[in-house]
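Below is one structure; the comments refer to it alone.
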Amino acid sequence: HEINSLVIACANKLIFLIITLTKSCREDQQDISFASKKYFLFFLHLLKIIHWAVTFQSISTTNESNESKYITGGWSSTEIGGALAIHCLSMVKIMTTRASLRHNYIQGDNPSSSNILGNAISSSIVMSPSSIVRSSALPIFKHLLFLYGREDRNSCESLDYNNLAKFQSPSLSVLIPLLPVVRNWSSATQNKTDEEASRCTVLFELIISYIDNMWSSLTSDLKEKVIIMFKEQLLDSTKADFSNVQLSNPPTIRGIHDLGDLFIWTVKEIKGLRIREYESAKLSPYVEGLLSLIQSVALQFGSPEVNQLIANIMPTEQQSFLQLLFENGTFRVTDVDGRITPIVSTPNMRKKVLDLLIILCKGCERNLDLLFALMKNVLYSNSPREDLTKEWIIDPMVKQKSGTGLVGMKNQGATCYLNSLLQQFFHTPSLRQGLLSSHLDGVNEMSYDKVSEGHRLLFQLQRLFGNLLLSEKRDFDTIDLVKSIRGYDGNPIRPGEQQDVDEFFNLFCDRLETALKTFPQSRLLHNVFGGQLSHLITCQECHYSSERIEDFLSISLDVKGKHDIFESLQSYICGEVLDGSNKYLCSKCDTKRDSIKRCCIKTLPNVLICHLKRFEFDLETLRKVKVNDRFEFPTEIDMKKYTKEGIANKDHSELSWRGDNYYKYTLRGVLVHTGTADSGHYYSLSHVRDSSSKTTSRDSEDGSWFCFNDSSVSPFDLSTLEIATFGGIRPDHEHDHTSHLHSRFESTKSYSAYLLIYDRCEHYEFDSQMNGSPRKMQLSSLDKQNKSSCPINPWADSIVRENLRHAMDIVIFSPEYNNFIIQVCTASSQNKDQQSTNEAMQILTFQLIENLVHARHQTSDIKNMFSVLCSWYQSSTDGCRWFLHIISTTHRHWIEKILLHCYKVEVRVSFVHLLEVIFRKMCPLERDSYGILDSDTDNSAQKQCDDGFDSDGDVTVYSIGSGEILKPHSTLGRVQFWKSKSVVAVFVGSLLDLLDDCANHWRHFDQLFDCLDKFASCGQDEAIFLIRCGTILRLVELYQGEKGSIPPGVIVRSPKAKKQYLQKTKNNMRVKTGDRNKRPNFLPLLSLLSKLIRSGSFPDESESEVSDSDSSVSETENYSRNKACTFGQNSSYLTSVALKRRSSGVSYELPRREGYFVTRTELLDTMLNEVMPQGDNRSDKNGSYCSDLSTTVSEIICHICYNDFAKTLSICSQAQRIIKDHKAYESSTAIQVFRSSLHIRDKHLEPRIKCVTSAIFCGLEANAEYDNELSLILEALYAELVRRTPGARGREEEVYFHSTIVENMDRIVSLLGQKTTDRIKHTILSIVKSLLPEEIKAPTTGLSAQDEMP
């Protein structure tokens, strides 16, 4: 190394001297031509020196001696080698100023000159560790090879650009052979960083630049010839041998006319991705470069015919190149050492593959059709995804296993004690092997509820260990395992309750031992953790010892007052003298003697667990406290002197097999507690003794240490064990912001070791030790278990499926794949072929609703895709029919998950908008078949779906004759929507079935009612269809909640929904909607209810009794439907579509049962009490919530009161009570109802206004002492008065109300008093002014209320 340093230092100075002399000659105007052969040889030597200098740079500076640095003036090998390379590059730049010289240098007479130039290029622009060398070399060699970019062509030297191809031709023969060089360099070093591996892309950029330059310099005729040659070479690719995927050298490329051969070789390299990608994970940039090269060629030669030829290259007998790209670049996974991993593991590579697929499909319908078939196969084979129903922030990369290759455990609230202990169990090979080898015959997820508690525990424990062993996810969800562990009270342990890990260890071992009793592994815990304690009492006279044997799984050691584990162990075996009154009766001496009582270890366990007593009870404070004293322990320990034979200091013949290794233990795990005795957290430090982890070992020869902190797994440096686990005190400092001084002090560490796990290198069976013939236990590593133990267990297949699903989710939820689908589908929709548009519509729908709506950060893409789908469905009847069909059958969970489970408001709103578009498209086409059975044909096609329902649920249809005379025309009974011939009706019925689950999803159910409202808004037929489906009764039942009184038998449900409803309501209990802190947003429900109620008139005698079941005919007297009646003045509260239908001569009457339940006092009272809860954040999102709610309730009540004065009196009484008894914000709905009732123009107009006015004045007098309530009523009164229509008189109801207020004006003025606020005074004054005639009203002067008062 010293010699090389000296030579490079000398060469550096020599080259610098040559550069100086050359520049000096030029300054003296002595131009050097550099055209002779000696200069060409000097040029080659410069290139060799560049390669040599870069090679010298790669020598590790850590191995350099002080002598070598002295020789180079203190410079490192990287620095001195880089300086030499830069000086050589400067000289190359000087020598290659002229284009003719560069052309001669590139061609050269020496056949090896291309290799020398290639080595210099690859070394300086790719392999050099110095960024200065790489940045300096790149422009120099681009200039040397005539590789001008588009931006450089105008600024390059005067060169005939049309003849540029002649100068550039040798460049490709120099660059192409370098591809295998950089490929081998990228995969050679295991510790190469991502930045180093990515440098190979520079070489591909040079090659692509060459292709771009050459293609741009060709004439049109030459381009056509090159394309023809390229096609011929692609057609000859069928003869190419694609079977060999090993490393190969590229073909000889003499110019752009040989690009076909280069293209075929690149396809071979892509085919070899599966093998080489896992030879080195650093090959991704190389593969990305290959894909960029193919993409560049496809763009330059791009035409539908060329794209089709490229896609049809057959790397295998059954797989085209396009299939290879799609499968390898997206969803194909590989099984490496039992681990399911995607072949394409980087987003950049995936994007390259998908971009190339888009290019190959551009203008080529055959490629597009093939790609659609592949995409549909992926989407349909993994659908429906019901596992995602409750997950709405999915990011598979967040769930990806950490770089350690190890799996964590999810904390269920306070289950860190369980997670930390079971991680130690899992990394105990003997225990792991024994549990995974237990065969649970007949136990699987289907029969789980039918097996015993012990089998459930074993099954869940095997699932845990299997996932920790095989899963590719970040953590495992332990919720089912927690449920399977029973506490001492017989109930499952509570996940939110913290436990002492030592107590849980004893509990868990007890439950596990009971569960293993019927298995061959019944002695598993004793074989792993089991040992024996010997309780000895030794007579001091005859030295006879009586012994009592006790089994143990762990030993507890004192911490307080002990320096280290040796002192604590010595205290553990220290004897107690029995003398005086405590003398022991010696059976051999047959008299009481002074004796020594002690406890020692008789049989050591294979895995020794030491419980450190960090918690004790403080008798002074009567509280449990934590002992934070420093307590040391070694990584290796010899336990012999703490055993029975060690204390006796003599060997026993029966124990002669116990060698020194029997007593020696190595630390394998530490369970740490941080916090206090009342609250804290557990995590584990564990030694992983196999190659399941990706981290190379630096702590020991056979494994590495890791920190398992619930879901997080990170490497742990064993050299920091003392700081992390011994406890004690630590130096700390505090900053005083006033004096700006730092004060140092010592604080107690809150984190310290609680359990120590020591492992013996040789394991013996517990029972065989007792028999005196010990047998060693055979252990297997994780790698062996990957291929042996796991596949034979029932849970192994499910883990493999989850890994496959997770690997595919990485692609499905990636932005690259989402953008790819949008681009492909958009390109397909631009074709005139409607079938292609429908296929694109289906693929985009599946990707959006099945997957993308669950993604974490895809809000903008979701909105854009919904917008695109709306425009497509708006123009496709077949697409709308397909969507409604699948969402009503195979993918029915779509509507449930989005309208009930999804918490993203923007997703729900966009989904409802899409359904609205489909309703608008399909309803006019299918409304005639809503009530027709799907099985009806020919003569029976007009049969209505009303079988099994009584007349109380019939909608009466009236025809309107002259003089507004209504004549009964027909009746429409209940609809069995699940049998309907209309796909729209079946889908709407699916929405109605969701209403049974709304009470459990009241936070997100707004858009479900909006969706039904959109359907009802399509026309009167749609509203009547919903009424015939019993929607009004469903809404009333849901709105009233626990107070509901509608019998279940009268509500129309599909057979499946009815079965589910009966299972949920076995105890006949109604579900409460909302909670005590927040009331649901019932505005959408009431808006829909209002629209349906106002779609028809109310039947007479609606308060009379109706039957409780739709299954039999009502025994009550039927309402006479054959009488003609005068409809009178048209109700202004009918919906616009109902009024439009009525204008065409048809009117509808609501079913008698609906009329009965809607007009009941209980429902009306609930609606009058409907308020916007104080502090509800909905007021921020929709400030008009209160007014909309009040208006909606008013519309319902006014429609009920039309031509029904008795109902008006009842409602006025209820509203008056609310105004008198409730606060201002609670009576806003009742006041709005009063205001709306004043405008009901029917035959009861005058008595109704008188009744309402009387109620208002009663409310004023009752709230005379309450400012807010009084102000609310007065302001509402003033608002009604100023609404009077301008003119001499105004409308009839306005005139009568005006005169009524004037008559009672003294009651308003009487409210004025000494304590009246300015706000109330001003409002009363405004009311008085509004009652005055126009000519005597005071002009607006801006005076205050006090100034305007008399």
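Labeling convention for the structure tokens: chains A, B, ... as they appear, residues from 1 per chain, ligands from 1 in order of appearance.
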Q | Polymer residues at most 10 Å from segment 1199-1215 of chain A, only C-alpha atoms, same-chain spacing of 5 or more positions, as JSON, numbers by chain | A | {"A": [1090, 1093, 1094, 1096, 1097, 1098, 1100, 1128, 1129, 1130, 1131, 1132, 1133, 1134, 1155, 1158, 1159, 1160, 1161, 1164, 1165, 1168, 1169, 1194, 1220, 1227, 1229, 1230, 1231, 1232, 1233, 1234, 1237, 1240, 1241, 1242, 1243, 1244, 1245, 1247, 1248, 1251, 1252, 1253, 1254, 1255, 1256, 1259]}
Atoms to include: C-alpha atoms. Write the selected residues as a CSV table (one decimal), in the first residue's frame.
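Once everything was written out, this is result-v4.csv:
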chain,number,residue,atom,x,y,z
A,1090,SER,CA,-90.6,14.5,4.3
A,1093,ILE,CA,-94.8,11.8,3.1
A,1094,ARG,CA,-95.4,14.7,0.8
A,1096,GLY,CA,-99.3,11.8,-1.5
A,1097,SER,CA,-102.3,12.9,0.6
A,1098,PHE,CA,-103.2,11.4,4.0
A,1100,ASP,CA,-109.1,9.9,6.2
A,1128,GLY,CA,-110.5,21.1,-2.5
A,1129,GLN,CA,-107.7,23.6,-2.7
A,1130,ASN,CA,-104.4,22.0,-3.7
A,1131,SER,CA,-101.9,21.5,-0.9
A,1132,SER,CA,-98.8,23.6,-1.3
A,1133,TYR,CA,-96.7,21.0,0.6
A,1134,LEU,CA,-96.8,18.2,-2.0
A,1155,GLY,CA,-100.9,7.5,7.9
A,1158,VAL,CA,-96.8,9.1,11.0
A,1159,THR,CA,-99.6,11.0,12.7
A,1160,ARG,CA,-99.1,9.5,16.1
A,1161,THR,CA,-98.4,11.9,18.9
A,1164,LEU,CA,-94.7,14.3,16.3
A,1165,ASP,CA,-93.5,15.1,19.8
A,1168,LEU,CA,-90.9,19.0,17.6
A,1169,ASN,CA,-88.2,18.4,20.2
A,1194,SER,CA,-92.3,22.1,9.5
A,1220,LYS,CA,-92.9,27.2,27.8
A,1227,SER,CA,-87.5,25.4,21.1
A,1229,THR,CA,-88.1,23.8,15.8
A,1230,ALA,CA,-91.4,24.4,17.6
A,1231,ILE,CA,-91.3,28.1,16.8
A,1232,GLN,CA,-90.6,27.3,13.1
A,1233,VAL,CA,-93.6,25.0,13.1
A,1234,PHE,CA,-95.7,27.8,14.4
A,1237,SER,CA,-98.5,26.7,10.2
A,1240,ILE,CA,-101.4,26.6,5.5
A,1241,ARG,CA,-104.1,27.7,3.1
A,1242,ASP,CA,-107.0,25.4,3.6
A,1243,LYS,CA,-110.6,25.6,4.9
A,1244,HIS,CA,-109.3,25.9,8.5
A,1245,LEU,CA,-107.1,28.9,7.9
A,1247,PRO,CA,-109.2,29.1,13.3
A,1248,ARG,CA,-105.6,27.8,12.8
A,1251,CYS,CA,-104.9,28.9,17.6
A,1252,VAL,CA,-101.2,29.5,16.7
A,1253,THR,CA,-101.3,33.1,17.7
A,1254,SER,CA,-102.8,32.2,21.1
A,1255,ALA,CA,-100.0,29.7,21.6
A,1256,ILE,CA,-97.4,32.2,20.7
A,1259,GLY,CA,-95.2,31.4,25.2
Q: Excluding Ile394 of chain A and any residue of its chain fewer than 6 positions from it, enumerate the residues within 7 Å of it, using only C-alpha atoms, and give them as a ChimeraX atom specification.
A: /A:854-856
Could you save the residues just selected, with C-alpha atoms, as a compact mmCIF listing (two decimals), in the first residue's frame?
# COMPACT_ATOMS: atom_id res chain seq x y z
CA HIS A 854 -59.46 2.27 1.62
CA ALA A 855 -56.11 3.90 0.83
CA ARG A 856 -54.45 6.28 3.25
Q.
At a cut-off of 10 Å, using only C-alpha atoms, what residues contact segment 870-882 of chain A? Leave out same-chain residues fewer than 4 positions from it and give the result as an NGL selection string.
A. :A and (829 or 834-835 or 837-842 or 864-866 or 886-888 or 910-911 or 913-922 or 925 or 982-984)
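Near Val528 of chain A, within 7 Å and counting only C-alpha atoms, sit Ser430, Leu431, Pro605, Asn606 and Val607 of chain A; same-chain residues fewer than 5 positions away were not included.
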Those same residues, written as a compact mmCIF listing (two decimals), in the first residue's frame with C-alpha atoms?
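Saved as selection.txt:
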# COMPACT_ATOMS: atom_id res chain seq x y z
CA SER A 430 -36.92 -25.60 22.22
CA LEU A 431 -40.24 -24.07 23.28
CA PRO A 605 -33.26 -25.98 33.83
CA ASN A 606 -32.31 -25.74 30.18
CA VAL A 607 -33.54 -22.14 30.12
Q.
Using DSSP secondary structure from the backbone, list all strand (DSSP E) positions within segment 170-415 of chain A, as an MDAnalysis selection string.
A. chainID A and resid 333:336 339:342 408:409
Q | Computed interatomic separation between atom CA of Leu756 of chain A and atom CA of Arg730 of chain A (Å) | A |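 If I compute the distance from atom CA of Leu756 of chain A to atom CA of Arg730 of chain A, I get 22.0 Å.
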Q | 7 Å contact set for Asp594 of chain A, only C-alpha atoms, chain neighbours under 3 positions out, as a PyMOL selection string | A | chain A and resi 539-540+578-579+583-584
Atoms to include: all heavy atoms. Write the selected residues as a PDB file, in the first residue's frame.
ATOM      1  N   CYS A 539     -28.338 -31.483  60.100  1.00  0.00           N
ATOM      2  CA  CYS A 539     -27.993 -31.552  61.528  1.00  0.00           C
ATOM      3  C   CYS A 539     -26.523 -31.209  61.706  1.00  0.00           C
ATOM      4  O   CYS A 539     -25.656 -31.728  60.993  1.00  0.00           O
ATOM      5  CB  CYS A 539     -28.289 -32.948  62.076  1.00  0.00           C
ATOM      6  SG  CYS A 539     -27.837 -33.156  63.813  1.00  0.00           S
ATOM      7  N   GLN A 540     -26.216 -30.346  62.678  1.00  0.00           N
ATOM      8  CA  GLN A 540     -24.850 -29.935  62.900  1.00  0.00           C
ATOM      9  C   GLN A 540     -24.021 -30.993  63.641  1.00  0.00           C
ATOM     10  O   GLN A 540     -22.788 -30.929  63.637  1.00  0.00           O
ATOM     11  CB  GLN A 540     -24.820 -28.639  63.734  1.00  0.00           C
ATOM     12  CG  GLN A 540     -25.400 -27.430  62.997  1.00  0.00           C
ATOM     13  CD  GLN A 540     -24.568 -27.022  61.806  1.00  0.00           C
ATOM     14  OE1 GLN A 540     -24.741 -27.583  60.713  1.00  0.00           O
ATOM     15  NE2 GLN A 540     -23.640 -26.104  62.021  1.00  0.00           N
ATOM     16  N   LEU A 578     -31.022 -22.924  62.731  1.00  0.00           N
ATOM     17  CA  LEU A 578     -32.147 -23.265  63.608  1.00  0.00           C
ATOM     18  C   LEU A 578     -31.580 -23.685  64.954  1.00  0.00           C
ATOM     19  O   LEU A 578     -30.984 -24.755  65.090  1.00  0.00           O
ATOM     20  CB  LEU A 578     -32.983 -24.397  62.994  1.00  0.00           C
ATOM     21  CG  LEU A 578     -33.584 -24.147  61.607  1.00  0.00           C
ATOM     22  CD1 LEU A 578     -34.345 -25.378  61.128  1.00  0.00           C
ATOM     23  CD2 LEU A 578     -34.486 -22.936  61.618  1.00  0.00           C
ATOM     24  N   ASP A 579     -31.707 -22.823  65.956  1.00  0.00           N
ATOM     25  CA  ASP A 579     -31.189 -23.145  67.292  1.00  0.00           C
ATOM     26  C   ASP A 579     -32.188 -22.649  68.337  1.00  0.00           C
ATOM     27  O   ASP A 579     -33.208 -22.032  68.002  1.00  0.00           O
ATOM     28  CB  ASP A 579     -29.807 -22.520  67.507  1.00  0.00           C
ATOM     29  CG  ASP A 579     -29.823 -21.009  67.289  1.00  0.00           C
ATOM     30  OD1 ASP A 579     -30.938 -20.448  67.066  1.00  0.00           O
ATOM     31  OD2 ASP A 579     -28.767 -20.388  67.333  1.00  0.00           O
ATOM     32  N   LYS A 583     -34.816 -25.410  67.323  1.00  0.00           N
ATOM     33  CA  LYS A 583     -34.026 -26.591  66.986  1.00  0.00           C
ATOM     34  C   LYS A 583     -34.863 -27.606  66.219  1.00  0.00           C
ATOM     35  O   LYS A 583     -36.068 -27.745  66.439  1.00  0.00           O
ATOM     36  CB  LYS A 583     -33.477 -27.234  68.244  1.00  0.00           C
ATOM     37  CG  LYS A 583     -32.358 -26.451  68.903  1.00  0.00           C
ATOM     38  CD  LYS A 583     -31.797 -27.207  70.093  1.00  0.00           C
ATOM     39  CE  LYS A 583     -30.627 -26.441  70.741  1.00  0.00           C
ATOM     40  NZ  LYS A 583     -30.079 -27.187  71.885  1.00  0.00           N
ATOM     41  N   TYR A 584     -34.157 -28.292  65.311  1.00  0.00           N
ATOM     42  CA  TYR A 584     -34.817 -29.247  64.433  1.00  0.00           C
ATOM     43  C   TYR A 584     -34.674 -30.649  65.001  1.00  0.00           C
ATOM     44  O   TYR A 584     -33.606 -31.024  65.495  1.00  0.00           O
ATOM     45  CB  TYR A 584     -34.185 -29.174  63.031  1.00  0.00           C
ATOM     46  CG  TYR A 584     -34.684 -30.216  62.073  1.00  0.00           C
ATOM     47  CD1 TYR A 584     -35.998 -30.179  61.568  1.00  0.00           C
ATOM     48  CD2 TYR A 584     -33.844 -31.242  61.661  1.00  0.00           C
ATOM     49  CE1 TYR A 584     -36.441 -31.131  60.680  1.00  0.00           C
ATOM     50  CE2 TYR A 584     -34.283 -32.199  60.771  1.00  0.00           C
ATOM     51  CZ  TYR A 584     -35.590 -32.152  60.279  1.00  0.00           C
ATOM     52  OH  TYR A 584     -36.023 -33.109  59.401  1.00  0.00           O
TER      53      TYR A 584
END
Q) If we count only C-alpha atoms, what is near segment 1278-1281 of chain A at a cut-off of 8 Å, once residues fewer than 4 positions away on the same chain are taken out, given as number ranges by chain? A) A: 1235, 1274, 1294, 1298, 1323, 1326-1327, 1330-1331
Q) Interatomic distance between atom CA of Asp710 of chain A and atom CA of Thr415 of chain A? A)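 Computing it gives 8.7 Å between the two atoms.
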Q: Name the residues of segment 702-918 of chain A that come out as helix (DSSP H, G or I) in a backbone DSSP run; write them as an NGL selection string.
A: :A and (718-725 or 766-770 or 782-787 or 790-792 or 796-812 or 815-829 or 834-854 or 859-873 or 877-888 or 893-901 or 905-918)
Q) Excluding same-chain residues fewer than 4 positions from Asn851 of chain A, what lies within 9 Å of it counting only C-alpha atoms, as a PyMOL selection string? A) chain A and resi 385+388+809+812-813+846-847+855
Q | A:Pro250, A:Gly561, A:Pro304, A:Gly531 ranked by distance to Lys362 of chain A, top pick (using only C-alpha atoms) | A |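 Smallest separation from Lys362 of chain A among the options: A:Pro304.
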(Q) Measuring between only C-alpha atoms, which one of A:Gln308, A:Thr22, A:Thr514, A:Gln433 shows the shortest distance to Gln462 of chain A? (A)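 Smallest distance to Gln462 of chain A is found for A:Gln433.
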Q. What is the distance, in Å and to one decimal place, between atom CA of Lys1321 of chain A and atom CA of Ser1236 of chain A?
A. 25.4 Å
**Q.** Among the residues A:Ser136, A:Thr478, A:Gln830, A:Thr666, the one that comes closest to Leu422 of chain A [using only C-alpha atoms]
**A.**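 Of A:Ser136, A:Thr478, A:Gln830, A:Thr666, the one nearest Leu422 of chain A is A:Thr478, counting only C-alpha atoms.
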